[in-house]
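Chemist: Attaching a single structure in structure tokens format; questions to follow.
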Amino acid sequence: MKTFRASREIACAPGALFDLVADIESYPRFVPGWLDARIERREGETLEVSQTIGLIGPSITFRSRARLERPLRLDIESQQAPFRSLAIRWRFAPAAGGGCRVGVEITFETTSSLLDRMATIVLRRFAVRVVDSFACEARRRYGSSTACKA
């Protein structure tokens with residue numbers, strides 16, 4: 001399994017940033033590579049999500065389960081092809097100077113060694129790009145002074 005991490009401080013309250021990350025259906029508007037995201041079912045703090053991403057080669061559609069624990073964490077998991085295992089862990093904490101320290105960890109294994117190698121190349125930079133796109137969207141939505149590097 002491969003794991004990639006990224007974190008940064010964003011001038012936004014942890015609860016507001018959590019809400020932004022939990023707004024999964026808005027991802028196609030600002031997260032690079034996210035083509036579609038739909039919440040298929042909601043049970044309390046658990047969401048069943050269908051999504052399509054286009055990061056390498058043809059786009060892929062898969063289902064995942066998101067567990068929300070506002071305002072601290074959001075965990076996303078899938079075992080649906082092309083993933084043997086996919087886990088995306090978001091963490092939110094107050095930053096020392098105000099705002100939020102957000103971190104994302106992406107751990108995955110695909111059903112194909114070729115796809116694993118391709119995904120490793122792409123996902124190495126993808127975690128940072130995702131966090132940067134959320135910083136940019138937080139600025140747009142909440143008017144924070146976060147610099148955008150999408």
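Residue numbering restarts at 1 in every chain; chains get A, B, ... in the order shown in the structure tokens, and ligands count up from 1 in that same order.
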Using DSSP secondary structure from the backbone, list all helix (DSSP H, G or I) positions within chain A, as an MDAnalysis selection string.
Modeler: chainID A and resid 14:22 24:30 113:142
Chemist: Give me, as a list in words, all polymer residues having an atom no more than 6 Å from Arg89 in chain A, counting only C-alpha atoms and skipping those fewer than 2 positions away in the same chain.
Modeler: Asp75, Val104 and Glu105 of chain A
Chemist: With distances taken over only C-alpha atoms, which of A:Arg8, A:Arg38, A:Arg91, A:Arg124 is nearest to Thr61 in chain A?
Modeler: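 The shortest atom-to-atom distance to Thr61 in chain A comes from A:Arg38.
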Chemist: Hey, what's within 6 Å of range 50-53 of chain A if we count only C-alpha atoms and toss same-chain stuff fewer than 3 positions away? As a list in words, please?
Modeler: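 Listing them by chain and then by number gives Gly33, Trp34, Leu35, Asp36, Ala37, Arg38, Ser59, Ile60, Thr61, Phe62 and Arg63 of chain A.
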Chemist: As an NGL selection string, which residues of range 62-129 of chain A does DSSP assign to strand (DSSP E or B)?
Modeler: :A and (62-69 or 73-78 or 83-94 or 100-110)
